[in-house]
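*Asks:* Here you go, one structure.
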Amino acid sequence: MKSLAELKAIKEKMKDKVILREGANDVRVVVGMATCGIAAGARPVLNTLVEEVNAGGLSDKVTVSQTGCIGICQFEPVVEVFEAGKEKVTYVKMTPEKAKRVVEEHLKGGKVIGEYTLGGQNL
Amino acid sequence: MIRSHVLICGGTGCTSSGSKKVQEEFRKNIESLGLADEVKLVQTGCFGLCALGPVVIIHPEGTFYSRVKPEDVKEIVEEHLLKGRIVERLVYNDTGAEEVVGNVALGDTAFYKSQNRVVLRNCGVINPESIDEYIAMDGYAALGKVLTEWKPEDVIKCVTDSGLRGRGGGGFPTGFKWSLCAPNKAPQKYVVCNADEGDPGAFMDRSVLEGDPHCIIEAMAIAGYAIGATKGYVYVRAEYPIAVSRLQKAIDQAREYGLLGKNIFDSGFDFDLEIRLGAGAFVCGEETALMTSIEGNRGEPRPRPPYPAVKGLYNSPTVENNVETFANIPQIILRGPEWFASMGTEKSKGTKVFALGGKIKHTGLVEIPMGTTLRTIIEDIGGGIPNGKKFKAAQTGGPSGGCIPASLMDTEVDYDNLTAIGCMMGSGGLIVMDEDNCMVDMAKFFLEFTVDESCGKCTPCRVGTRRLLEILEKITKGNGTLEDLDRLEELCMYIKQNSLCGLGQTAPNPVLATLRFFRDEYIAHVTDKKCPAGVCKDLLTFTIDKDKCIGCGQCARNCPVNTIHKTDYVAEGHKLPSYEIDPSACVKCGACMANCKFKAISKQ
């Protein structure tokens, strides 16, 4: 080790790998991963969310986590976004592509994508 | 992409309750469900709640699973990791609710809430065998800062200003110790880490070495820079195999990264470390005996002065600190002396790690700010005394310490308060005793330990502790007199004043403390020939209540010495004659009492 820069480089490289353990962040993105969710394709959605959140440098603000059945199985895969002080947003019938848009526009841009939410569906 | 981390405790406590098997099961199940790319398994150091091991924590939820058995693992992997459903039956519950509903994170438990983890900050969080994870948690940043920006005097000033005092027991100011050594000129100086943790019941040094070995390496290098030493030794007990192997791995990794060796951070500073194994002699925890042992000689203390700062290891100027003391150093450098001094009491700054043991629900390791009351430690963090028993005393400082009775439970625990009540911080072992513990027997237990461990070099300790033990044995056998109590006190004072090293100077403390706070128990042994707690066998008599005895004969059948016989007496309402114990042959094993279903047998 010859310089502080070298040490810092290792720290930056490793930071994403341990940040998961620092406890929940302000923003929690929860994917429904019960049998219904998995059958409808929740796994690729979850993986896309994790990848995009990390790639977008959001890992110190956003925690991606999973939960069981939310109870609206016909709308799976379901993704919920919890943010302190804001109303919960529920996205339904998610796909990896939609997940990318959620990270880009909602988590980064702060704009809820109305057409993906439960309220945006034609019930 | 990893979305979840499974942390499994690999400390000595959890390893002995089977965490290796649990880890292996996790690996198998995660692989068979194809989750290996999404879930990372991490073996960590001690979480602190050893009583509930093996402990598993799953992030990002922080779910805290306790007492996980290998057969539970499949369910956790399938439910939690695959389907996101928390396995509530295995979640640790100390919220007082009947059943756990949902998630309980480690940080939510009463055990962790009142803690403030500085020394243990990485224990149970990082993989101790990965230098990269340590670096991710600001590891080696303090060493880098010191070597590139600070002068050695700045380091000493920073440590002095923080108010850090030696955590090995004595409480000597660390910065002052370093400043005594720094000006001494010599071709070679040394930094020594005392990891010869010998107090029965204390295991905080082991946990730090097992959970965060790199922080000791970093701190020793910083100390080396401050005092001008280029060589360090860690003296660790051979009885700590996991700690030794992890520390060796850490040293190898640090050398590979150039964080030990020549010209660290291109500053011209060289430092290297070696491990020396102790063979388990208690006296080698004393600083001069430890150095004698590193030199390859029989571990015996030598008179001071000269102090190690002048003539220590190989007659060269040496700084020796305890593991926990070193573990504070990098944080003090990074966060500043004011931050450290903001915790604790006026003369005792920072935090202290205690190893809770004995009659307490949460056996384990806790780190709290100095000045926390004993009541908070035992009742809130420790979960109180099990089985509804009453708290009697807490023993601190192991064989060198004293005890704190229930009446002083609101004492704020720091160096000076404990000394004021004739007790000692010691290394931080805290053994909790309830009404079933006899204080005379406790003093005898620790005396047996010091008699065994006395190195024999000086007479007050070698002969004096033996005589003390003989008087205590006499008392517990019911042959003591009131004069013996005075004789005990006199001898204690003599040993304290005349012994060569810390072992002898503190060995009488358990006797003095119990005599001071529990003299009534000594008097009961001497004048009434009774042991109030029912521990000292020679003073016990077992009797059968002839009116409660239904004459089933279970006691007689279970008596190993056949000293229970049938009588002619038949109690009213019973069909069979009752039994009685002939005390002449009774060995007081208690087998009769344990086997009586009718609670007809009592001991007094």
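Starting from 1 in every chain, residues are counted up; chains themselves are A, B, ... following the order of the structure tokens, and ligands are numbered from 1 as listed.
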Can you pull out every residue within 8 Å of range 312-321 of chain B, counting only C-alpha atoms, but drop anything in the same chain fewer than 5 positions away, and send it as a PyMOL selection string?
*Replies:* chain B and resi 166+168+174+177-178+181+184+186+188-194+287-288+291-292+294-295+307+326
*Asks:* Write out, as an mmCIF file, in the first residue's frame, the residues just selected, with N, CA and C atoms.
*Replies:*
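In the end it all went to part.cif:
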data_model
loop_
_atom_site.group_PDB
_atom_site.id
_atom_site.type_symbol
_atom_site.label_atom_id
_atom_site.label_comp_id
_atom_site.auth_asym_id
_atom_site.auth_seq_id
_atom_site.Cartn_x
_atom_site.Cartn_y
_atom_site.Cartn_z
ATOM 1 N N GLY B 166 -6.280 2.193 29.974
ATOM 2 C CA GLY B 166 -6.041 0.786 29.663
ATOM 3 C C GLY B 166 -7.208 -0.098 30.041
ATOM 4 N N GLY B 168 -7.238 -3.352 30.144
ATOM 5 C CA GLY B 168 -6.869 -4.661 30.680
ATOM 6 C C GLY B 168 -7.220 -4.790 32.146
ATOM 7 N N THR B 174 -3.626 5.626 28.482
ATOM 8 C CA THR B 174 -2.880 5.075 27.357
ATOM 9 C C THR B 174 -1.932 6.099 26.731
ATOM 10 N N LYS B 177 1.099 6.573 28.799
ATOM 11 C CA LYS B 177 1.993 5.431 28.674
ATOM 12 C C LYS B 177 2.860 5.579 27.423
ATOM 13 N N TRP B 178 2.228 5.956 26.315
ATOM 14 C CA TRP B 178 2.965 6.118 25.068
ATOM 15 C C TRP B 178 3.973 7.262 25.180
ATOM 16 N N CYS B 181 7.218 6.355 26.747
ATOM 17 C CA CYS B 181 8.105 5.488 25.966
ATOM 18 C C CYS B 181 8.738 6.240 24.794
ATOM 19 N N ASN B 184 12.420 7.758 24.764
ATOM 20 C CA ASN B 184 13.552 6.881 25.069
ATOM 21 C C ASN B 184 14.233 6.402 23.796
ATOM 22 N N ALA B 186 16.630 4.095 21.599
ATOM 23 C CA ALA B 186 17.144 2.725 21.592
ATOM 24 C C ALA B 186 17.178 2.245 20.153
ATOM 25 N N GLN B 188 16.176 -0.531 19.002
ATOM 26 C CA GLN B 188 14.934 -1.241 18.676
ATOM 27 C C GLN B 188 13.928 -1.005 19.792
ATOM 28 N N LYS B 189 12.705 -0.611 19.435
ATOM 29 C CA LYS B 189 11.623 -0.520 20.425
ATOM 30 C C LYS B 189 10.514 -1.480 20.011
ATOM 31 N N TYR B 190 9.631 -1.769 20.953
ATOM 32 C CA TYR B 190 8.594 -2.762 20.657
ATOM 33 C C TYR B 190 7.203 -2.287 21.051
ATOM 34 N N VAL B 191 6.218 -2.796 20.314
ATOM 35 C CA VAL B 191 4.813 -2.663 20.705
ATOM 36 C C VAL B 191 4.306 -4.070 20.990
ATOM 37 N N VAL B 192 3.695 -4.257 22.155
ATOM 38 C CA VAL B 192 3.202 -5.586 22.501
ATOM 39 C C VAL B 192 1.703 -5.497 22.769
ATOM 40 N N CYS B 193 0.980 -6.462 22.211
ATOM 41 C CA CYS B 193 -0.450 -6.533 22.486
ATOM 42 C C CYS B 193 -0.706 -7.692 23.438
ATOM 43 N N ASN B 194 -1.329 -7.372 24.553
ATOM 44 C CA ASN B 194 -1.626 -8.391 25.558
ATOM 45 C C ASN B 194 -2.972 -9.020 25.252
ATOM 46 N N GLU B 287 2.117 -7.691 32.822
ATOM 47 C CA GLU B 287 2.918 -7.220 31.689
ATOM 48 C C GLU B 287 4.383 -7.674 31.710
ATOM 49 N N THR B 288 5.018 -7.657 32.886
ATOM 50 C CA THR B 288 6.436 -8.040 32.878
ATOM 51 C C THR B 288 6.597 -9.548 32.695
ATOM 52 N N MET B 291 6.269 -10.319 29.016
ATOM 53 C CA MET B 291 7.476 -10.033 28.238
ATOM 54 C C MET B 291 8.543 -11.093 28.485
ATOM 55 N N THR B 292 8.672 -11.511 29.740
ATOM 56 C CA THR B 292 9.631 -12.575 30.044
ATOM 57 C C THR B 292 9.293 -13.827 29.240
ATOM 58 N N ILE B 294 7.636 -13.943 26.311
ATOM 59 C CA ILE B 294 7.955 -13.730 24.889
ATOM 60 C C ILE B 294 9.443 -13.970 24.646
ATOM 61 N N GLU B 295 10.264 -13.573 25.612
ATOM 62 C CA GLU B 295 11.708 -13.746 25.451
ATOM 63 C C GLU B 295 12.113 -15.213 25.489
ATOM 64 N N TYR B 307 10.243 0.423 34.481
ATOM 65 C CA TYR B 307 8.995 0.127 33.791
ATOM 66 C C TYR B 307 9.273 -0.257 32.342
ATOM 67 N N PHE B 326 -6.344 -1.303 22.279
ATOM 68 C CA PHE B 326 -5.924 -1.087 20.895
ATOM 69 C C PHE B 326 -7.132 -0.908 19.981
#
*Asks:* Should the cut-off be 9 Å, what would the residue list for chain B against chain A look like, counting only C-alpha atoms, as a PyMOL selection string?
*Replies:* chain B and resi 1-5+38+58-62+79-86+105+107+125-126+132-141+144-145+148+256-260+263-267
*Asks:* Go ahead and save the picked residues with C-alpha atoms, as a PDB file, in the first residue's frame.
*Replies:*
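Ended up saving to result.pdb:
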ATOM      1  CA  MET B   1     -26.066  -9.460  -8.440  1.00  0.00           C
ATOM      2  CA  ILE B   2     -26.168 -10.017  -4.686  1.00  0.00           C
ATOM      3  CA  ARG B   3     -29.432  -8.941  -3.096  1.00  0.00           C
ATOM      4  CA  SER B   4     -29.164 -10.517   0.314  1.00  0.00           C
ATOM      5  CA  HIS B   5     -26.425 -11.253   2.834  1.00  0.00           C
ATOM      6  CA  GLU B  38     -28.165 -13.635  -5.403  1.00  0.00           C
ATOM      7  CA  ILE B  58     -30.227 -11.868   7.114  1.00  0.00           C
ATOM      8  CA  HIS B  59     -29.839  -8.491   5.435  1.00  0.00           C
ATOM      9  CA  PRO B  60     -31.223  -6.177   4.047  1.00  0.00           C
ATOM     10  CA  GLU B  61     -34.113  -6.890   6.443  1.00  0.00           C
ATOM     11  CA  GLY B  62     -31.707  -7.360   9.364  1.00  0.00           C
ATOM     12  CA  GLU B  79     -39.204 -19.238   3.028  1.00  0.00           C
ATOM     13  CA  HIS B  80     -37.073 -16.174   3.700  1.00  0.00           C
ATOM     14  CA  LEU B  81     -34.532 -16.141   0.911  1.00  0.00           C
ATOM     15  CA  LEU B  82     -36.680 -17.570  -1.858  1.00  0.00           C
ATOM     16  CA  LYS B  83     -40.157 -16.363  -0.968  1.00  0.00           C
ATOM     17  CA  GLY B  84     -39.470 -13.411   1.269  1.00  0.00           C
ATOM     18  CA  ARG B  85     -41.472 -14.771   4.185  1.00  0.00           C
ATOM     19  CA  ILE B  86     -39.814 -14.373   7.543  1.00  0.00           C
ATOM     20  CA  ALA B 105     -34.072  -6.729  13.470  1.00  0.00           C
ATOM     21  CA  GLY B 107     -30.981  -3.364  16.392  1.00  0.00           C
ATOM     22  CA  VAL B 125     -20.799  -7.264  10.651  1.00  0.00           C
ATOM     23  CA  ILE B 126     -17.777  -8.025   8.501  1.00  0.00           C
ATOM     24  CA  ASP B 132     -11.289  -5.808   1.808  1.00  0.00           C
ATOM     25  CA  GLU B 133     -14.385  -5.817   4.001  1.00  0.00           C
ATOM     26  CA  TYR B 134     -12.386  -4.229   6.821  1.00  0.00           C
ATOM     27  CA  ILE B 135     -11.172  -1.539   4.430  1.00  0.00           C
ATOM     28  CA  ALA B 136     -14.766  -0.970   3.278  1.00  0.00           C
ATOM     29  CA  MET B 137     -15.585  -0.123   6.911  1.00  0.00           C
ATOM     30  CA  ASP B 138     -12.904   2.604   6.993  1.00  0.00           C
ATOM     31  CA  GLY B 139     -10.223   0.088   7.893  1.00  0.00           C
ATOM     32  CA  TYR B 140      -6.604   1.242   7.718  1.00  0.00           C
ATOM     33  CA  ALA B 141      -7.823   4.793   7.031  1.00  0.00           C
ATOM     34  CA  GLY B 144      -3.062   6.096   6.400  1.00  0.00           C
ATOM     35  CA  LYS B 145      -4.058   9.423   7.938  1.00  0.00           C
ATOM     36  CA  THR B 148       0.736  10.697   5.693  1.00  0.00           C
ATOM     37  CA  GLU B 256       0.394  -8.727   1.050  1.00  0.00           C
ATOM     38  CA  TYR B 257      -1.265  -5.304   0.808  1.00  0.00           C
ATOM     39  CA  GLY B 258       1.860  -3.606   2.122  1.00  0.00           C
ATOM     40  CA  LEU B 259       0.080  -2.448   5.285  1.00  0.00           C
ATOM     41  CA  LEU B 260       2.736  -4.261   7.284  1.00  0.00           C
ATOM     42  CA  ASN B 263       7.767   1.825   3.850  1.00  0.00           C
ATOM     43  CA  ILE B 264       4.043   1.709   4.617  1.00  0.00           C
ATOM     44  CA  PHE B 265       2.059   4.353   2.671  1.00  0.00           C
ATOM     45  CA  ASP B 266       5.362   5.523   1.205  1.00  0.00           C
ATOM     46  CA  SER B 267       6.079   7.274   4.496  1.00  0.00           C
TER      47      SER B 267
END
*Asks:* Give me the residues near Leu576 in chain B as a tab-separated table (two decimals) with C-alpha atoms, in the first residue's frame, where near means some atom within 8 Å (using only C-alpha atoms) and where sequence neighbours in that chain fewer than 2 positions away do not count.
*Replies:*
chain	number	residue	atom	x	y	z
B	550	ILE	CA	-45.93	-41.15	51.69
B	551	GLY	CA	-43.41	-43.97	52.03
B	552	CYS	CA	-42.86	-44.65	48.32
B	570	VAL	CA	-47.19	-43.88	59.44
B	574	HIS	CA	-50.91	-42.38	54.45
B	578	SER	CA	-42.26	-42.85	56.28
*Asks:* Pick out the residues sitting within 12 Å of Ile475 in chain B, and hand them over as a ChimeraX atom specification; count only C-alpha atoms, and ignore anything fewer than 2 positions along from it in its own chain.
*Replies:* /B:439-441,443-444,468-473,477-485,488,521-531,536-539
*Asks:* Mind dumping the selected residues with N, CA and C atoms as an mmCIF file, in the first residue's frame?
*Replies:*
data_model
loop_
_atom_site.group_PDB
_atom_site.id
_atom_site.type_symbol
_atom_site.label_atom_id
_atom_site.label_comp_id
_atom_site.auth_asym_id
_atom_site.auth_seq_id
_atom_site.Cartn_x
_atom_site.Cartn_y
_atom_site.Cartn_z
ATOM 1 N N MET B 439 -21.431 -16.720 49.087
ATOM 2 C CA MET B 439 -20.331 -15.798 48.830
ATOM 3 C C MET B 439 -19.002 -16.316 49.390
ATOM 4 N N VAL B 440 -19.055 -17.073 50.468
ATOM 5 C CA VAL B 440 -17.821 -17.652 51.004
ATOM 6 C C VAL B 440 -17.269 -18.669 50.003
ATOM 7 N N ASP B 441 -18.187 -19.442 49.447
ATOM 8 C CA ASP B 441 -17.790 -20.447 48.462
ATOM 9 C C ASP B 441 -17.219 -19.768 47.219
ATOM 10 N N ALA B 443 -15.653 -16.821 47.092
ATOM 11 C CA ALA B 443 -14.301 -16.361 47.420
ATOM 12 C C ALA B 443 -13.332 -17.542 47.394
ATOM 13 N N LYS B 444 -13.799 -18.677 47.890
ATOM 14 C CA LYS B 444 -12.953 -19.875 47.917
ATOM 15 C C LYS B 444 -12.612 -20.319 46.493
ATOM 16 N N LEU B 468 -4.625 -18.374 52.995
ATOM 17 C CA LEU B 468 -5.976 -17.807 52.887
ATOM 18 C C LEU B 468 -6.976 -18.890 52.530
ATOM 19 N N LEU B 469 -6.592 -19.693 51.549
ATOM 20 C CA LEU B 469 -7.491 -20.752 51.092
ATOM 21 C C LEU B 469 -7.775 -21.745 52.216
ATOM 22 N N GLU B 470 -6.737 -22.053 52.998
ATOM 23 C CA GLU B 470 -6.932 -23.011 54.096
ATOM 24 C C GLU B 470 -7.935 -22.479 55.123
ATOM 25 N N ILE B 471 -7.837 -21.177 55.416
ATOM 26 C CA ILE B 471 -8.797 -20.607 56.372
ATOM 27 C C ILE B 471 -10.209 -20.661 55.793
ATOM 28 N N LEU B 472 -10.323 -20.346 54.491
ATOM 29 C CA LEU B 472 -11.655 -20.391 53.866
ATOM 30 C C LEU B 472 -12.221 -21.800 53.879
ATOM 31 N N GLU B 473 -11.356 -22.784 53.635
ATOM 32 C CA GLU B 473 -11.819 -24.178 53.659
ATOM 33 C C GLU B 473 -12.305 -24.561 55.051
ATOM 34 N N LYS B 477 -16.134 -25.659 56.090
ATOM 35 C CA LYS B 477 -16.359 -26.976 56.703
ATOM 36 C C LYS B 477 -17.040 -26.831 58.061
ATOM 37 N N GLY B 478 -17.214 -25.583 58.501
ATOM 38 C CA GLY B 478 -17.893 -25.379 59.774
ATOM 39 C C GLY B 478 -16.961 -25.376 60.971
ATOM 40 N N ASN B 479 -15.648 -25.310 60.716
ATOM 41 C CA ASN B 479 -14.692 -25.310 61.820
ATOM 42 C C ASN B 479 -14.104 -23.932 62.103
ATOM 43 N N GLY B 480 -14.648 -22.909 61.445
ATOM 44 C CA GLY B 480 -14.065 -21.575 61.591
ATOM 45 C C GLY B 480 -14.457 -20.914 62.903
ATOM 46 N N THR B 481 -13.670 -19.925 63.304
ATOM 47 C CA THR B 481 -13.990 -19.130 64.484
ATOM 48 C C THR B 481 -14.055 -17.668 64.064
ATOM 49 N N LEU B 482 -14.581 -16.833 64.942
ATOM 50 C CA LEU B 482 -14.660 -15.407 64.606
ATOM 51 C C LEU B 482 -13.269 -14.795 64.464
ATOM 52 N N GLU B 483 -12.300 -15.356 65.215
ATOM 53 C CA GLU B 483 -10.925 -14.850 65.094
ATOM 54 C C GLU B 483 -10.389 -15.100 63.684
ATOM 55 N N ASP B 484 -10.866 -16.180 63.062
ATOM 56 C CA ASP B 484 -10.413 -16.483 61.707
ATOM 57 C C ASP B 484 -10.752 -15.351 60.742
ATOM 58 N N LEU B 485 -11.897 -14.710 60.978
ATOM 59 C CA LEU B 485 -12.296 -13.624 60.077
ATOM 60 C C LEU B 485 -11.306 -12.465 60.177
ATOM 61 N N LEU B 488 -8.137 -13.507 58.495
ATOM 62 C CA LEU B 488 -8.288 -13.404 57.037
ATOM 63 C C LEU B 488 -7.981 -11.984 56.573
ATOM 64 N N GLU B 521 -22.818 -13.593 56.056
ATOM 65 C CA GLU B 521 -22.739 -14.976 55.567
ATOM 66 C C GLU B 521 -21.550 -15.711 56.191
ATOM 67 N N TYR B 522 -20.438 -14.995 56.340
ATOM 68 C CA TYR B 522 -19.275 -15.599 57.002
ATOM 69 C C TYR B 522 -19.652 -15.957 58.437
ATOM 70 N N ILE B 523 -20.353 -15.013 59.120
ATOM 71 C CA ILE B 523 -20.699 -15.253 60.524
ATOM 72 C C ILE B 523 -21.650 -16.439 60.644
ATOM 73 N N ALA B 524 -22.588 -16.559 59.683
ATOM 74 C CA ALA B 524 -23.503 -17.707 59.708
ATOM 75 C C ALA B 524 -22.726 -19.015 59.601
ATOM 76 N N HIS B 525 -21.672 -19.010 58.766
ATOM 77 C CA HIS B 525 -20.857 -20.220 58.617
ATOM 78 C C HIS B 525 -20.110 -20.527 59.913
ATOM 79 N N VAL B 526 -19.647 -19.455 60.584
ATOM 80 C CA VAL B 526 -18.766 -19.637 61.736
ATOM 81 C C VAL B 526 -19.559 -19.928 63.015
ATOM 82 N N THR B 527 -20.571 -19.086 63.297
ATOM 83 C CA THR B 527 -21.251 -19.252 64.586
ATOM 84 C C THR B 527 -22.440 -20.206 64.506
ATOM 85 N N ASP B 528 -23.273 -20.088 63.451
ATOM 86 C CA ASP B 528 -24.443 -20.973 63.367
ATOM 87 C C ASP B 528 -24.120 -22.286 62.674
ATOM 88 N N LYS B 529 -22.916 -22.359 62.086
ATOM 89 C CA LYS B 529 -22.535 -23.548 61.303
ATOM 90 C C LYS B 529 -23.556 -23.834 60.206
ATOM 91 N N LYS B 530 -24.014 -22.779 59.555
ATOM 92 C CA LYS B 530 -24.998 -22.937 58.488
ATOM 93 C C LYS B 530 -24.515 -22.194 57.250
ATOM 94 N N CYS B 531 -24.860 -22.733 56.073
ATOM 95 C CA CYS B 531 -24.604 -22.009 54.827
ATOM 96 C C CYS B 531 -25.950 -21.496 54.337
ATOM 97 N N CYS B 536 -22.472 -24.919 50.760
ATOM 98 C CA CYS B 536 -21.359 -25.599 51.417
ATOM 99 C C CYS B 536 -21.841 -26.923 52.023
ATOM 100 N N LYS B 537 -21.424 -27.999 51.406
ATOM 101 C CA LYS B 537 -21.978 -29.320 51.708
ATOM 102 C C LYS B 537 -21.826 -29.733 53.161
ATOM 103 N N ASP B 538 -20.672 -29.396 53.733
ATOM 104 C CA ASP B 538 -20.421 -29.870 55.090
ATOM 105 C C ASP B 538 -21.370 -29.253 56.110
ATOM 106 N N LEU B 539 -22.012 -28.159 55.736
ATOM 107 C CA LEU B 539 -22.901 -27.488 56.677
ATOM 108 C C LEU B 539 -24.365 -27.785 56.397
#
*Asks:* Hey, what's within 9 Å of range 364-369 of chain B if we count only C-alpha atoms and toss same-chain stuff fewer than 2 positions away? As a PyMOL selection string, please?
*Replies:* chain B and resi 13+46-52+111-112+114-120+203-204+207+343-345+349-357+362+371-372+377+381-382
